[in-house]
Amino acid sequence: MDNNLNLNNNCLLKVENLAKFFGKTEVLRDISLEVHRGDVISIIGPSGSGKSTFLRCLNLLEEPTRGRLSFNGEPYFNISKCKDDFVDYESYTNALKNYEELLVETEDNLAIYQNKRIEDKSDKTLRNKIEVAKIEFKEVRKHPILKKDFFDKSSYEEAIKNNPSFVVNGKELNKLRSKVTMVFQSFNLFNNFNVLDNCIFAQTKVLHRSYDEAKSIAIKHLTAVNMQDRMNYKINELSGGQKQRVAIARALCMDPEVILFDEPTSALDPEMVNEVLEVIKNLASKGMTMIVVTHEMNFARNVSNKVIFMENGYIVEEGSPKDVFENPTKERTREFLHIK
Amino acid sequence: MFDFGRAWNLIADNYQLIIAGIVDTIILAVVGTLVGLILGIFLAYGKNIKFKETDKKIIKVLKGICKGICSIYSTVLRGTPMMVQALIFKYGCQALGVNWGDIRFPNALLDYINGWFIAGLIVITLNTAAYMGEIVRSGLNGVDVGQVEGARSLGMSSARTSLSIILPQALRNALPTIGNELIVNIKDSSVLNVIAVTELYYRMMNIASTTFAFLEAYLILALIYLVLTLIASGVLKLVERKLDGVKFSLNPFRWARKRESF
Ligand SMILES: Nc1ncnc2c1ncn2[C@@H]1O[C@H](COP(=O)(O)OP(=O)(O)O)[C@@H](O)[C@H]1O
Ligand SMILES: [Mg+2]
């Protein structure tokens, strides 16, 4: 069955024009990527460049602002148009200027009359003028630019109609997340469960496996990461490296098709980095599809089949490890990798 | 002056009443704390309601109302003395035609559980709930968001995550504060004497005024409260140690499985 899928649709995870805003800051800009079955993709880049946000958008822990995501050919996120796309920026800036001028003008008027009235209370006409100025000031505050729908509504609605937005939710989303699961820098193991239950719990609740089945699967994966002796330990009795290995086993228990690693070794003491990298390497050799955000350049060079250099929310450079590490085309990549 | 003979006589003559008072106080404190905790959990979730951009307007309004009620409830009940709340409850119920004093339990095992006692139980529970709401809420907010992300990224629903991962950890972290609430309740149940709840203080007050051994009565009373609170904090320490000693502390999953295997 797997082979059939491979033939029909080689692309497991497809990212098209992904963008993410936090408020007004654009953290991901127009990112597109195809992940094929068996790919090991390393993402490198300075901190703050949007690597974590990108991974978190892939399993919708963070909702992207725009873009299209599909898994196995099925779209699970599609917001192609956003209101901002329909603001005509020239008229917007003009209107903004106009509004600001009017605001200053009417405010000044009001202030002048009010000051005059304080100085000279006998002048009866001032009261009227103040009233008028107040009304004018209020009118300015109704300027269309202050309204939410200051954009080309009709073409927005048209676009939405032609390409309806779709965000997977509920059970479907949960299912997706169990297929595209994530391993975190800070492990995020359940502190109220022991090692074994950490690996069993989600299996019984999300995949509805029986307890015994889930347990034997958990034991299999814990053994694979060499944690079979600590299955009854509490989480706070483990070292960082052990926690991360349990976290990987926990992810594997869900039979994921893609695992997203967000700096899996960055929170570890140096002597533990290798034991975790070994586990990930091992997974790679077994053909697991993975996207790994990492600062371990040797890992990126030796294990992955594709390296992506991200900065400022852009994919600056992408290619085979050889190309990116030895022959980067972009100046910025050379700088980051200290290549002369 | 304190007179040991008088103190001894007072105890010997009235020990049944004193024990009845102790039982009443313990029931008030324990039931009030436990039921208050359960109500407090609901209150905490109510106050923690978050508005989503995607919510429909009607949902937003309902959420707002729910959140508002919870906030007002906990502000008002924490901002007023329990004694006053008890009096308002008593006269409020009377105004509505419910007189707690008239309610009798003919077949009750303990003949000193009467309508007033039930009223007192309600008051202390409602009062405790307000404090518990705050305690549980800060417990919930104190659990690392990574726990939620870990659970969600495995595909667990938000309700499941909240109940099985977050709440148990929140309760475990809040256990010392929750226990403190029990100790406060042991002492503060004494104010319920204003609505004729026959708890320990009420009984001792009566004993004092019939025997005229005021100093002795109140010193004995203080001693009993002290012993009760010491026992309570000892028990709580034990519970905490037990939970930490067991490998699967506050793990509802284990409980569920135990049930299955029986
Ligand atoms: N929840 C958030 N709210 C606002 N800004 C955020 C949030 N998460 C991340 N950011 C911002 O997005 C940018 C990219 O962050 P991140 O994806 O964590 O980068 P990286 O993982 O590459 O270090 C940073 O500038 C960060 O401040
Ligand atoms: Mg990061």
# chains A, B, ... in the order shown; residues from 1 in each chain; ligands from 1
>>> residues_around(residues="A:Lys175", least_positions_apart="2", cutoff="10 Å", atoms="only C-alpha atoms", output="PyMOL selection string")
(chain A and resi 169-173+177-181+206-207+254) or (chain B and resi 153-157)
>>> residues_near_ligand(ligand="ligand 2", cutoff="8 Å", atoms="only C-alpha atoms and all ligand atoms", output="VMD selection string")
chain A and resid 47 to 48 50 to 53 262 to 263 293
>>> write_last_selection(atoms="all heavy atoms", output="tab-separated table (two decimals), in the first residue's frame")
chain	number	residue	atom	x	y	z
A	47	SER	N	18.60	32.79	15.19
A	47	SER	CA	17.39	32.71	16.02
A	47	SER	C	16.50	33.91	15.74
A	47	SER	O	16.98	35.00	15.42
A	47	SER	CB	17.76	32.61	17.50
A	47	SER	OG	17.73	33.87	18.08
A	48	GLY	N	15.20	33.69	15.78
A	48	GLY	CA	14.24	34.74	15.44
A	48	GLY	C	13.92	34.78	13.96
A	48	GLY	O	13.19	35.65	13.51
A	50	GLY	N	12.20	32.62	12.32
A	50	GLY	CA	10.88	32.05	12.03
A	50	GLY	C	10.88	30.55	11.86
A	50	GLY	O	9.88	29.97	11.43
A	51	LYS	N	11.96	29.89	12.24
A	51	LYS	CA	12.05	28.43	12.05
A	51	LYS	C	10.99	27.71	12.89
A	51	LYS	O	10.25	26.85	12.39
A	51	LYS	CB	13.45	27.93	12.44
A	51	LYS	CG	14.58	28.64	11.72
A	51	LYS	CD	15.94	28.10	12.10
A	51	LYS	CE	16.29	28.25	13.58
A	51	LYS	NZ	16.47	29.65	14.02
A	52	SER	N	10.92	28.06	14.17
A	52	SER	CA	9.93	27.39	15.03
A	52	SER	C	8.52	27.69	14.56
A	52	SER	O	7.67	26.80	14.50
A	52	SER	CB	10.06	27.87	16.48
A	52	SER	OG	11.35	27.61	16.96
A	53	THR	N	8.28	28.94	14.22
A	53	THR	CA	6.95	29.32	13.76
A	53	THR	C	6.56	28.51	12.54
A	53	THR	O	5.42	28.06	12.42
A	53	THR	CB	6.91	30.82	13.45
A	53	THR	OG1	7.41	31.53	14.59
A	53	THR	CG2	5.51	31.28	13.14
A	262	ASP	N	11.90	20.45	16.64
A	262	ASP	CA	12.27	21.86	16.83
A	262	ASP	C	13.45	21.94	17.79
A	262	ASP	O	13.30	21.89	19.00
A	262	ASP	CB	11.07	22.65	17.39
A	262	ASP	CG	11.36	24.14	17.39
A	262	ASP	OD1	12.43	24.54	16.90
A	262	ASP	OD2	10.50	24.90	17.87
A	263	GLU	N	14.62	22.08	17.23
A	263	GLU	CA	15.86	22.15	18.01
A	263	GLU	C	15.91	21.09	19.11
A	263	GLU	O	15.98	21.42	20.29
A	263	GLU	CB	16.03	23.55	18.63
A	263	GLU	CG	15.97	24.64	17.57
A	263	GLU	CD	16.56	25.96	18.08
A	263	GLU	OE1	17.29	25.94	19.08
A	263	GLU	OE2	16.28	26.99	17.45
A	293	VAL	N	14.71	21.35	12.73
A	293	VAL	CA	15.34	22.65	12.94
A	293	VAL	C	16.53	22.39	13.85
A	293	VAL	O	16.39	21.79	14.91
A	293	VAL	CB	14.37	23.63	13.62
A	293	VAL	CG1	15.11	24.90	14.03
A	293	VAL	CG2	13.22	23.96	12.70
>>> closest_atom_pairs(of="chain A", to="ligand 1", cutoff="12 Å", atoms="only C-alpha atoms and all ligand atoms", output="Markdown table")
| residue | atom | partner | partner_atom_place_in_ligand_line | distance |
| --- | --- | --- | --- | --- |
| A:Ala19 | CA | ligand 1 | 12 (O) | 11.8 |
| A:Lys20 | CA | ligand 1 | 12 (O) | 9.0 |
| A:Phe21 | CA | ligand 1 | 5 (N) | 8.2 |
| A:Phe22 | CA | ligand 1 | 4 (C) | 4.9 |
| A:Gly23 | CA | ligand 1 | 4 (C) | 7.2 |
| A:Lys24 | CA | ligand 1 | 4 (C) | 9.4 |
| A:Thr25 | CA | ligand 1 | 5 (N) | 7.5 |
| A:Glu26 | CA | ligand 1 | 12 (O) | 7.9 |
| A:Val27 | CA | ligand 1 | 12 (O) | 5.1 |
| A:Leu28 | CA | ligand 1 | 14 (C) | 7.9 |
| A:Arg29 | CA | ligand 1 | 14 (C) | 11.3 |
| A:Ile43 | CA | ligand 1 | 22 (O) | 9.2 |
| A:Ile44 | CA | ligand 1 | 22 (O) | 8.3 |
| A:Gly45 | CA | ligand 1 | 22 (O) | 6.6 |
| A:Pro46 | CA | ligand 1 | 22 (O) | 6.2 |
| A:Ser47 | CA | ligand 1 | 23 (O) | 3.5 |
| A:Gly48 | CA | ligand 1 | 19 (O) | 3.5 |
| A:Ser49 | CA | ligand 1 | 22 (O) | 3.9 |
| A:Gly50 | CA | ligand 1 | 17 (O) | 3.2 |
| A:Lys51 | CA | ligand 1 | 22 (O) | 3.7 |
| A:Ser52 | CA | ligand 1 | 21 (O) | 3.6 |
| A:Thr53 | CA | ligand 1 | 17 (O) | 3.7 |
| A:Phe54 | CA | ligand 1 | 17 (O) | 6.4 |
| A:Leu55 | CA | ligand 1 | 17 (O) | 8.1 |
| A:Arg56 | CA | ligand 1 | 17 (O) | 8.3 |
| A:Cys57 | CA | ligand 1 | 17 (O) | 9.7 |
| A:Leu61 | CA | ligand 1 | 1 (N) | 10.6 |
| A:Glu62 | CA | ligand 1 | 1 (N) | 8.2 |
| A:Glu63 | CA | ligand 1 | 1 (N) | 10.6 |
| A:Pro64 | CA | ligand 1 | 1 (N) | 11.8 |
| A:Phe184 | CA | ligand 1 | 21 (O) | 11.2 |
| A:Gln185 | CA | ligand 1 | 21 (O) | 10.3 |
| A:Phe261 | CA | ligand 1 | 21 (O) | 11.3 |
| A:Asp262 | CA | ligand 1 | 21 (O) | 7.8 |
| A:Glu263 | CA | ligand 1 | 21 (O) | 8.4 |
| A:Pro264 | CA | ligand 1 | 21 (O) | 11.9 |
| A:Ser266 | CA | ligand 1 | 21 (O) | 11.4 |
| A:Val292 | CA | ligand 1 | 21 (O) | 11.5 |
| A:Val293 | CA | ligand 1 | 21 (O) | 8.0 |
| A:Thr294 | CA | ligand 1 | 21 (O) | 9.7 |
| A:His295 | CA | ligand 1 | 22 (O) | 10.6 |
| A:Phe309 | CA | ligand 1 | 22 (O) | 10.4 |
| A:Met310 | CA | ligand 1 | 22 (O) | 7.8 |
| A:Glu311 | CA | ligand 1 | 22 (O) | 7.7 |
| A:Asn312 | CA | ligand 1 | 14 (C) | 7.8 |
| A:Gly313 | CA | ligand 1 | 14 (C) | 7.4 |
| A:Tyr314 | CA | ligand 1 | 22 (O) | 10.7 |
| A:Ile315 | CA | ligand 1 | 22 (O) | 11.5 |
>>> atom_distance(atom1="atom CA of A:Asn109", atom2="atom CA of A:Ala133")
6.5 Å
>>> residues_around(residues="stretch 190-197 of chain B", least_positions_apart="3", cutoff="6 Å", atoms="only C-alpha atoms", output="list in words")
Met83, Trp116, Phe117, Tyr201 and Tyr202 of chain B
>>> write_last_selection(atoms="C-alpha atoms", output="compact mmCIF listing (two decimals), in the first residue's frame")
# COMPACT_ATOMS: atom_id res chain seq x y z
CA MET B 83 -20.49 35.73 59.01
CA TRP B 116 -29.27 25.10 60.47
CA PHE B 117 -26.38 22.73 60.07
CA TYR B 201 -17.61 27.12 69.23
CA TYR B 202 -21.39 27.29 69.63
>>> closest_residue(among="A:Phe166, A:Phe190, A:Tyr113, A:Tyr99", to="chain B", atoms="only C-alpha atoms")
A:Phe190
>>> residues_around(residues="A:Glu257", least_positions_apart="2", cutoff="12 Å", atoms="only C-alpha atoms", output="number ranges by chain")
A: 2, 11-13, 35-39, 71-72, 175-182, 251-255, 259-260, 283, 287-291
>>> write_last_selection(atoms="C-alpha atoms", output="PDB file, in the first residue's frame")
ATOM      1  CA  ASP A   2       2.833   2.323   0.857  1.00  0.00           C
ATOM      2  CA  CYS A  11       4.618  14.523  -2.143  1.00  0.00           C
ATOM      3  CA  LEU A  12       3.709  13.879   1.478  1.00  0.00           C
ATOM      4  CA  LEU A  13       3.524  17.406   2.799  1.00  0.00           C
ATOM      5  CA  VAL A  35       8.326  17.260   1.546  1.00  0.00           C
ATOM      6  CA  HIS A  36       8.576  13.805   0.026  1.00  0.00           C
ATOM      7  CA  ARG A  37       8.331  10.507   1.754  1.00  0.00           C
ATOM      8  CA  GLY A  38      11.653   9.660   3.354  1.00  0.00           C
ATOM      9  CA  ASP A  39      12.981  13.213   3.201  1.00  0.00           C
ATOM     10  CA  PHE A  71      -0.936  16.303   3.533  1.00  0.00           C
ATOM     11  CA  ASN A  72      -0.926  13.303   1.233  1.00  0.00           C
ATOM     12  CA  LYS A 175      -5.831  13.038  13.454  1.00  0.00           C
ATOM     13  CA  LEU A 176      -3.574  15.196  11.331  1.00  0.00           C
ATOM     14  CA  ARG A 177      -1.491  16.159  14.340  1.00  0.00           C
ATOM     15  CA  SER A 178      -0.954  12.534  15.220  1.00  0.00           C
ATOM     16  CA  LYS A 179       0.351  11.985  11.677  1.00  0.00           C
ATOM     17  CA  VAL A 180       2.434  15.160  11.601  1.00  0.00           C
ATOM     18  CA  THR A 181       3.703  15.164  15.135  1.00  0.00           C
ATOM     19  CA  MET A 182       6.289  17.286  16.839  1.00  0.00           C
ATOM     20  CA  ALA A 251       5.977  10.594  19.039  1.00  0.00           C
ATOM     21  CA  LEU A 252       6.803   7.311  17.306  1.00  0.00           C
ATOM     22  CA  CYS A 253       4.033   5.537  19.174  1.00  0.00           C
ATOM     23  CA  MET A 254       1.510   7.537  17.145  1.00  0.00           C
ATOM     24  CA  ASP A 255       2.845   5.996  13.911  1.00  0.00           C
ATOM     25  CA  ILE A 259       8.074  14.179  12.609  1.00  0.00           C
ATOM     26  CA  LEU A 260       8.872  17.833  13.145  1.00  0.00           C
ATOM     27  CA  LEU A 283      15.188   7.061  12.343  1.00  0.00           C
ATOM     28  CA  GLY A 287      13.224   6.106   6.114  1.00  0.00           C
ATOM     29  CA  MET A 288      11.215   8.279   8.522  1.00  0.00           C
ATOM     30  CA  THR A 289      10.218  11.598   7.016  1.00  0.00           C
ATOM     31  CA  MET A 290      11.510  14.431   9.176  1.00  0.00           C
ATOM     32  CA  ILE A 291      11.949  18.166   9.281  1.00  0.00           C
TER      33      ILE A 291
END
>>> closest_atom_pairs(of="stretch 20-109 of chain B", to="stretch 165-172 of chain B", cutoff="12 Å", atoms="only C-alpha atoms", output="tab-separated table")
residue	atom	partner	partner_atom	distance
B:Leu37	CA	B:Leu171	CA	9.8
B:Ile38	CA	B:Leu171	CA	11.0
B:Gly40	CA	B:Leu171	CA	11.3
B:Ile41	CA	B:Leu167	CA	8.8
B:Phe42	CA	B:Leu167	CA	11.3
B:Ala44	CA	B:Leu167	CA	10.6
B:Tyr45	CA	B:Leu167	CA	10.1
>>> write_last_selection(atoms="N, CA and C atoms", output="mmCIF file, in the first residue's frame")
data_model
loop_
_atom_site.group_PDB
_atom_site.id
_atom_site.type_symbol
_atom_site.label_atom_id
_atom_site.label_comp_id
_atom_site.auth_asym_id
_atom_site.auth_seq_id
_atom_site.Cartn_x
_atom_site.Cartn_y
_atom_site.Cartn_z
ATOM 1 N N LEU B 37 -13.996 22.812 46.623
ATOM 2 C CA LEU B 37 -12.937 22.606 45.617
ATOM 3 C C LEU B 37 -13.539 22.242 44.267
ATOM 4 N N ILE B 38 -14.539 21.346 44.310
ATOM 5 C CA ILE B 38 -15.162 20.932 43.046
ATOM 6 C C ILE B 38 -15.836 22.123 42.368
ATOM 7 N N GLY B 40 -15.075 25.142 42.888
ATOM 8 C CA GLY B 40 -13.993 26.065 42.540
ATOM 9 C C GLY B 40 -13.357 25.732 41.203
ATOM 10 N N ILE B 41 -13.301 24.430 40.893
ATOM 11 C CA ILE B 41 -12.732 24.030 39.601
ATOM 12 C C ILE B 41 -13.583 24.590 38.465
ATOM 13 N N PHE B 42 -14.918 24.457 38.622
ATOM 14 C CA PHE B 42 -15.805 25.022 37.597
ATOM 15 C C PHE B 42 -15.607 26.536 37.498
ATOM 16 N N ALA B 44 -13.009 28.248 38.274
ATOM 17 C CA ALA B 44 -11.708 28.576 37.680
ATOM 18 C C ALA B 44 -11.791 28.501 36.164
ATOM 19 N N TYR B 45 -12.444 27.447 35.656
ATOM 20 C CA TYR B 45 -12.581 27.344 34.200
ATOM 21 C C TYR B 45 -13.449 28.482 33.670
#
>>> select_by_dssp(residues="stretch 41-283 of chain A", states="helix (DSSP H, G or I)", output="number ranges by chain")
A: 51-58, 83-86, 89-119, 125-140, 144-146, 153-162, 170-179, 195-206, 211-224, 228-230, 235-237, 240-252, 270-283
>>> residues_around(residues="stretch 227-235 of chain B", least_positions_apart="3", cutoff="7 Å", atoms="only C-alpha atoms", output="PyMOL selection string")
chain B and resi 183+186+223-224+238-239
>>> closest_residue(among="A:Phe325, A:Phe299, A:Tyr156, A:Phe201", to="chain B", atoms="only C-alpha atoms")
A:Phe201
>>> residues_around(residues="B:Ile22", least_positions_apart="2", cutoff="12 Å", atoms="only C-alpha atoms", output="VMD selection string")
chain B and resid 15 to 20 24 to 30 112 186 to 187 189 to 190 198 to 204 221 224 to 225 227 to 229
>>> write_last_selection(atoms="C-alpha atoms", output="CSV table (one decimal), in the first residue's frame")
chain,number,residue,atom,x,y,z
B,15,TYR,CA,-17.8,15.6,76.8
B,16,GLN,CA,-20.7,14.3,74.7
B,17,LEU,CA,-21.6,17.9,73.7
B,18,ILE,CA,-18.0,18.7,73.0
B,19,ILE,CA,-17.5,15.6,70.8
B,20,ALA,CA,-20.7,16.5,68.9
B,24,ASP,CA,-19.9,19.1,63.4
B,25,THR,CA,-16.9,21.2,62.9
B,26,ILE,CA,-15.0,18.5,61.1
B,27,ILE,CA,-17.9,17.8,58.8
B,28,LEU,CA,-18.3,21.5,58.0
B,29,ALA,CA,-14.6,21.9,57.3
B,30,VAL,CA,-14.0,18.7,55.3
B,112,TYR,CA,-27.6,17.1,66.0
B,186,ILE,CA,-11.7,24.4,60.6
B,187,LYS,CA,-11.3,27.7,62.4
B,189,SER,CA,-16.6,27.5,60.7
B,190,SER,CA,-16.9,29.0,64.2
B,198,THR,CA,-24.1,23.8,66.5
B,199,GLU,CA,-20.4,23.5,65.8
B,200,LEU,CA,-17.7,23.4,68.3
B,201,TYR,CA,-17.6,27.1,69.2
B,202,TYR,CA,-21.4,27.3,69.6
B,203,ARG,CA,-21.4,24.3,71.9
B,204,MET,CA,-18.5,25.6,74.0
B,221,LEU,CA,-11.7,25.4,73.0
B,224,ILE,CA,-9.1,21.6,70.6
B,225,TYR,CA,-8.9,23.9,67.5
B,227,VAL,CA,-5.1,20.0,67.9
B,228,LEU,CA,-7.6,19.8,65.0
B,229,THR,CA,-5.6,22.0,62.8
>>> select_by_dssp(residues="stretch 60-268 of chain A", states="strand (DSSP E)", output="PDB file with C-alpha atoms, in the first residue's frame")
ATOM      1  CA  ARG A  66      -2.292  32.778   4.567  1.00  0.00           C
ATOM      2  CA  GLY A  67      -1.211  29.912   2.404  1.00  0.00           C
ATOM      3  CA  ARG A  68      -2.078  26.374   1.562  1.00  0.00           C
ATOM      4  CA  LEU A  69      -1.011  23.201   3.314  1.00  0.00           C
ATOM      5  CA  SER A  70      -1.725  19.689   2.124  1.00  0.00           C
ATOM      6  CA  PHE A  71      -0.936  16.303   3.533  1.00  0.00           C
ATOM      7  CA  GLU A  74      -5.429  16.478   0.876  1.00  0.00           C
ATOM      8  CA  PRO A  75      -5.467  20.173   1.701  1.00  0.00           C
ATOM      9  CA  TYR A  76      -5.879  20.806   5.416  1.00  0.00           C
ATOM     10  CA  PHE A  77      -5.333  24.507   5.428  1.00  0.00           C
ATOM     11  CA  ASN A  78      -6.220  26.946   2.717  1.00  0.00           C
ATOM     12  CA  ILE A  79      -6.562  30.656   3.168  1.00  0.00           C
ATOM     13  CA  PHE A 166     -10.633  25.877   4.698  1.00  0.00           C
ATOM     14  CA  VAL A 167      -9.015  25.082   8.011  1.00  0.00           C
ATOM     15  CA  VAL A 180       2.434  15.160  11.601  1.00  0.00           C
ATOM     16  CA  THR A 181       3.703  15.164  15.135  1.00  0.00           C
ATOM     17  CA  MET A 182       6.289  17.286  16.839  1.00  0.00           C
ATOM     18  CA  VAL A 183       9.259  16.899  19.167  1.00  0.00           C
ATOM     19  CA  VAL A 258       6.240  13.130   9.451  1.00  0.00           C
ATOM     20  CA  ILE A 259       8.074  14.179  12.609  1.00  0.00           C
ATOM     21  CA  LEU A 260       8.872  17.833  13.145  1.00  0.00           C
ATOM     22  CA  PHE A 261      11.882  18.375  15.386  1.00  0.00           C
ATOM     23  CA  ASP A 262      12.267  21.861  16.834  1.00  0.00           C
TER      24      ASP A 262
END
>>> atom_distance(atom1="atom CA of B:Ile118", atom2="atom CA of B:Ala217")
26.2 Å
